[in-house]
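Engineer: To start, I am sharing the structure in question, which I have written as structure tokens.
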Amino acid sequence: ACVRGHMKLLPHRRLASPRRLLILLCLALSIVLAYYLLSAPAADKAAFVYKETAADKEPTKMLTTVLARPQPVAAVPQSAVKVTDIDCLIEDTEQVACIRRGADVYVPFDYLKRRYELSGGLSEDGRQLHWYASYARLHRPSLPYSPYGAFLHFADYTVERRERVLRVSGRRGVPISRQWDPRGHEYVIQVAQYGLSHFSKASIETETRRRENSNGNNNNNDSDEDSDEFAATRSFGEAATDWTVPDGAQLTELTGNATARVSPPPPPAAQQQRHSTASLLRFNVPADLSRGARLKLARDSPTSSGRTVLRLVDFLSVSAASVTVQMTTNRRGTVRLHYGVGYAEDYRAPGDRSDIYFAIGSPGDGWRTVTRNLRVDLEKAFEDDDDDSEEVAAVGSVDIGAADEDESVAGVEDRQRRNRKSRGRGRGRGRSRRGTRRRPGRGRRRQRNNEGDGGGGNRNRSVAIRRVQWISLRGVGYLGRVEFATAAAARPDFYRAAGDWLVANQNASTGAWPIWARRAIGSRRDRRRLVLQPGWCSAMGQGQAISLLVRLHRHWPDRSDYLAAAVRGLAPFHRYAASDSTAGVAARLFNQFTWYEEYPVPGGLFVLNGFVYSLFGLYDLRQLLTDLTAKQNGSSSSSSQQLIDGASLHSHLANVSRLYSTGMESLKSVIGLFDHGDGTYYDLRHVTNPTEEPRRARWDYHGVHVTQLMALTTLEPDPRLLAALDRWEKYLNGYRVSHN
């Protein structure tokens with residue numbers, strides 16, 4: 001009509017104003033409609049759809065349905081859905097910015113994570129949202145639990161790199177913990193876990209090699225891995241000619257019978273023909289010289305192929321002997337690590353970014369092999385002042401040493417000091433509470449406690465050794481050789497150090513491994529909170545120490561001191577935690593069930609994970625004593641009767657069996673008290689003291705509970721434990737029990 005009206009117009013006539021506007025409007029609408037039909041998406045071109053009726057589903061009414069089909073209904077294009085910003089009022093107390101899209105309302109995922117303790121985030125390409133009900137990582141056992149193999153999932157831990165570990169002691173070779181005391185202390189749980197983690201790694205590595213060899217995959221005889229360049233251990237400096245000796249110093253090579261004249265004599269290993277020579281080096285380098293006797297290494301660094309562990313084999317200090325290792329790093333430039341006998345302590349001078357000192361013993365310690373992980377020493381030395389190191393995601397294991405909801409006063413001050421440092425570096429926004437960057441995505445569920453490895457993230461993971469330039473000797477002493485080894489090759493040194501510490505630091509009269517840090521239980525604002533004074537004993541520490549000692553005695557049967565220490569460690573399980581003067585860990589729940597307390601306070605806390613770890617220790621020792629007793633019974637010699645602290649193996653076996661059975665029956669009876677319908681409780685303080693709030697287990701601790709039950713049910717397939725395991729595992733995926 002618009003076109004016809006236009007063509008009827010004569011060229012010389014002027015259109016009336018209303019008709020001209022009408023024609024232009026019609027043309028504009030025609031253009032818009034044509035553009036929309038040509039450019040609209042295919043989904044929007046479906047102008048009509050049919051709505052299905054109940055009659056469509058009934059075959060007997062099919063003809064009627066076709067004849068009486070309803071009129072088509074126009075579909076609303078997606079582009080026409082209106083999106084607006086609205087405010088969400090949560091519980092009438094909190095306002096959150098949301099988005100409304102049609103009839104749907106979208107709440108920010110960050111708010112949901114915070115309110116409902118969810119985990120996850122956007123994928124790297126931003127096209128997917130990963131949503132997890134929990135951030136715990138399960139460790140499913142591939143084999144039934146064995147008291148002589150890997151301990152649970154501890155092969156995934158690297159204890160020495162935890163944030164709560166100040167350093168690895170130069171004197172003892174075990175972690176120094178700052179948990180509850182920022183000054184550091186030797187904490188039996190950290191030490192036992194350090195040994196168990198390395199022993200578990202070694203067990204799995206050995207089993208892997210055995211399987212590969214049995215499958216015919218052992219081609220090492222024809223591979224380059226037999227070469228010295230790729231060997232797990234490389235030796236240096238066995239000959240005196242390898243060293244550059246300054247004027248005024250002496251370095252003498254002792255061979256053959258000359259080693260027998262050394263006082264005290266070297267250990268037998270130093271006199272064996274293990275390599276090309278069985279020599280010893282005697283060095284005498286006065287302290288006033290500008291440089292020591294130096295072993296210069298080739299440009300192909302011995303730390304290549306992962307050999308970052310330094311071993312000083314057959315080392316003896318006669319007078320203030322020390323060893324210095326100079327290396328270049330990727331972040332610190334040139335750094336020197338000094339390992340010396342007679343240093344007061346491990347330290348680094350304030351402001352000195354190049355020299356770190358570790359005390360590796362005292363005069364008169366005798367012959368020893370010094371083993372140091374150079375990379376770990378570097379990381380720990382610069383952990384507190386690394387201003388520019390890149391943080392990594394907390395995707396390791398859980399620090400199961402203890403809960404961190406309570407701290408000592410000194411620990412609070414230290415944590416606040418470190419938090420102020422982090423805020424000063426701009427680490428406050430977008431980070432988790434432990435200062436680690438959260439990386440979303442599948443397989444990267446956030447862990448509150450990191451191991452790389454449990455206990456908080458390590459800010460110096462990017463420290464790498466580029467090249468070891470030289471090693472120098474000072475003072476007076478003896479040295480067999482210098483070795484650089486992989487961590488796998490040095491693992492026996494690590495777990496032996498932990499075992500030796502347990503033997504040396506056990507209270508012989510009480511059998512306890514005392515913890516020399518003040519532990520406060522309860523809210524920091526609660527004046528009635530309970531305090532464990534230094535010297536207290538933990539069932540978890542006793543159990544994990546026993547588990548390590550059992551494995552070490554099985555590995556080295558001639559080390560009877562390991563077995564004796566494990567047996568003496570049973571004594572605290574018989575004593576009740578009635579006062580601070582007794583080293584006891586036993587408690588009574590409802591005056592009926594015996595419990596072994598991780599934190600033995602009056603009235604009891606009844607912590608679940610610590611109790612279960614103590615049961616594993618009792619089970620391990622029971623199995624070892626069972627095997628030793630059977631072997632002893634099969635011996636025809638009447639003199640084979642083995643006594644430990646004046647008692648036979650049979651009596652010790654009966655003792656540990658009673659402790660284990662009593663504790664296991666308690667667990668089976670009260671396991672349901674730890675279940676709150678969509679998770680677990682960390683302890684039962686709210687049961688024994690009704691004025692206390694329940695303490696829900698964080699997801700990482702809930703994951704520990706599930707992992708423990710997975711292993712425990714292979715030993716005790718009790719229906720009560722199996723039912724709890726089934727529910728608790730489903731809680732990790734958002735399952736909640738039904739209401740009434």
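The way I read the labels, and the way they are meant: chains A, B, ... in the order of the structure tokens, residue 1 as the first residue of every chain, and ligand 1 as the first ligand shown, with later ones counted on from there.
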Could you give me, as a PyMOL selection string, each residue of segment 103-138 of chain A that DSSP assigns to strand (DSSP E) when run on this structure's backbone?
Structural biologist: chain A and resi 104-106+119-122+129-132
Engineer: If we count only C-alpha atoms, what is near Arg100 of chain A at a cut-off of 9 Å, once residues fewer than 6 positions away on the same chain are taken out, given as a list in words?
Structural biologist: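 The filter keeps Lys82, Val83, Thr84, Asp85, Ile86 and Tyr106 of chain A.
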Engineer: Of the candidates A:Leu138, A:Ala381, A:Ile99, A:Val245, which shows the shortest atom-to-atom distance to Ile356 of chain A, using only C-alpha atoms?
Structural biologist: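 Answer, going by the shortest atom-to-atom distance: A:Ala381.
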Engineer: From the set A:Phe611, A:Tyr735, A:Phe283, A:Phe616, which residue has the shortest atom-to-atom contact distance to Trp595 of chain A, counting only C-alpha atoms?
Structural biologist: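 Counting only C-alpha atoms, the residue closest to Trp595 of chain A is A:Phe611.
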Engineer: One decimal, in Å: what's the spacing between atom CA of Gly677 of chain A and atom CA of Val612 of chain A?
Structural biologist: 20.9 Å
Engineer: Using only C-alpha atoms, which residues sit within 7 Å of segment 554-570 of chain A once same-chain residues fewer than 6 positions away are excluded, as a PDB file with N, CA, C and O atoms, in the first residue's frame?
Structural biologist:
```pdb
ATOM      1  N   TYR A 148      54.698 -53.324  57.801  1.00  0.00           N
ATOM      2  CA  TYR A 148      56.093 -53.305  57.361  1.00  0.00           C
ATOM      3  C   TYR A 148      56.299 -52.520  56.068  1.00  0.00           C
ATOM      4  O   TYR A 148      57.425 -52.390  55.600  1.00  0.00           O
ATOM      5  N   VAL A 503      64.912 -42.921  69.658  1.00  0.00           N
ATOM      6  CA  VAL A 503      65.614 -43.702  70.676  1.00  0.00           C
ATOM      7  C   VAL A 503      66.296 -42.782  71.686  1.00  0.00           C
ATOM      8  O   VAL A 503      66.247 -43.016  72.897  1.00  0.00           O
ATOM      9  N   GLY A 511      58.499 -43.969  79.265  1.00  0.00           N
ATOM     10  CA  GLY A 511      58.241 -44.445  77.913  1.00  0.00           C
ATOM     11  C   GLY A 511      57.673 -43.397  76.984  1.00  0.00           C
ATOM     12  O   GLY A 511      57.353 -43.698  75.838  1.00  0.00           O
ATOM     13  N   ALA A 512      57.552 -42.161  77.447  1.00  0.00           N
ATOM     14  CA  ALA A 512      56.920 -41.100  76.658  1.00  0.00           C
ATOM     15  C   ALA A 512      57.959 -40.335  75.854  1.00  0.00           C
ATOM     16  O   ALA A 512      59.136 -40.250  76.238  1.00  0.00           O
ATOM     17  N   GLN A 542      52.857 -41.011  70.314  1.00  0.00           N
ATOM     18  CA  GLN A 542      53.297 -42.344  70.714  1.00  0.00           C
ATOM     19  C   GLN A 542      53.012 -43.354  69.616  1.00  0.00           C
ATOM     20  O   GLN A 542      53.864 -44.185  69.278  1.00  0.00           O
ATOM     21  N   ILE A 546      55.807 -45.386  67.367  1.00  0.00           N
ATOM     22  CA  ILE A 546      55.851 -46.846  67.390  1.00  0.00           C
ATOM     23  C   ILE A 546      55.767 -47.400  65.976  1.00  0.00           C
ATOM     24  O   ILE A 546      56.490 -48.350  65.609  1.00  0.00           O
ATOM     25  N   ILE A 644      62.906 -57.949  76.836  1.00  0.00           N
ATOM     26  CA  ILE A 644      62.925 -56.503  76.663  1.00  0.00           C
ATOM     27  C   ILE A 644      62.504 -55.899  77.988  1.00  0.00           C
ATOM     28  O   ILE A 644      61.383 -56.144  78.462  1.00  0.00           O
TER      29      ILE A 644
END
```
Engineer: With a distance cut-off of 8 Å and only C-alpha atoms, select the neighbouring residues of Leu725 of chain A, excluding the residue or stretch itself and same-chain residues fewer than 2 positions from it, and output the selection as a PyMOL selection string.
Structural biologist: chain A and resi 706+709-710+721-723+727-729
Engineer: Could you write out that same residue set with C-alpha atoms as a tab-separated table (two decimals), in the first residue's frame?
Structural biologist:
```
chain	number	residue	atom	x	y	z
A	706	VAL	CA	37.84	-41.28	55.57
A	709	LEU	CA	38.72	-45.80	57.92
A	710	MET	CA	39.56	-47.08	54.44
A	721	LEU	CA	32.92	-48.99	60.64
A	722	LEU	CA	31.91	-49.92	57.09
A	723	ALA	CA	28.59	-48.05	57.40
A	727	ARG	CA	28.39	-42.22	54.57
A	728	TRP	CA	31.52	-40.21	55.23
A	729	GLU	CA	32.86	-40.79	51.76
```
Engineer: For Gly480 of chain A, list every protein, DNA or RNA residue within 9 Å, evaluated using only C-alpha atoms, and leave out those in the same chain fewer than 2 positions away; present the list as JSON, numbers by chain.
Structural biologist: {"A": [237, 238, 270, 278, 279, 280, 281, 282, 312, 313, 314, 315, 478, 482]}
Engineer: Given the choices A:Lys201, A:Gly173, A:Val188, A:Thr308, which gets closest to Gln506 of chain A if the distance is worked out from only C-alpha atoms?
Structural biologist: A:Val188
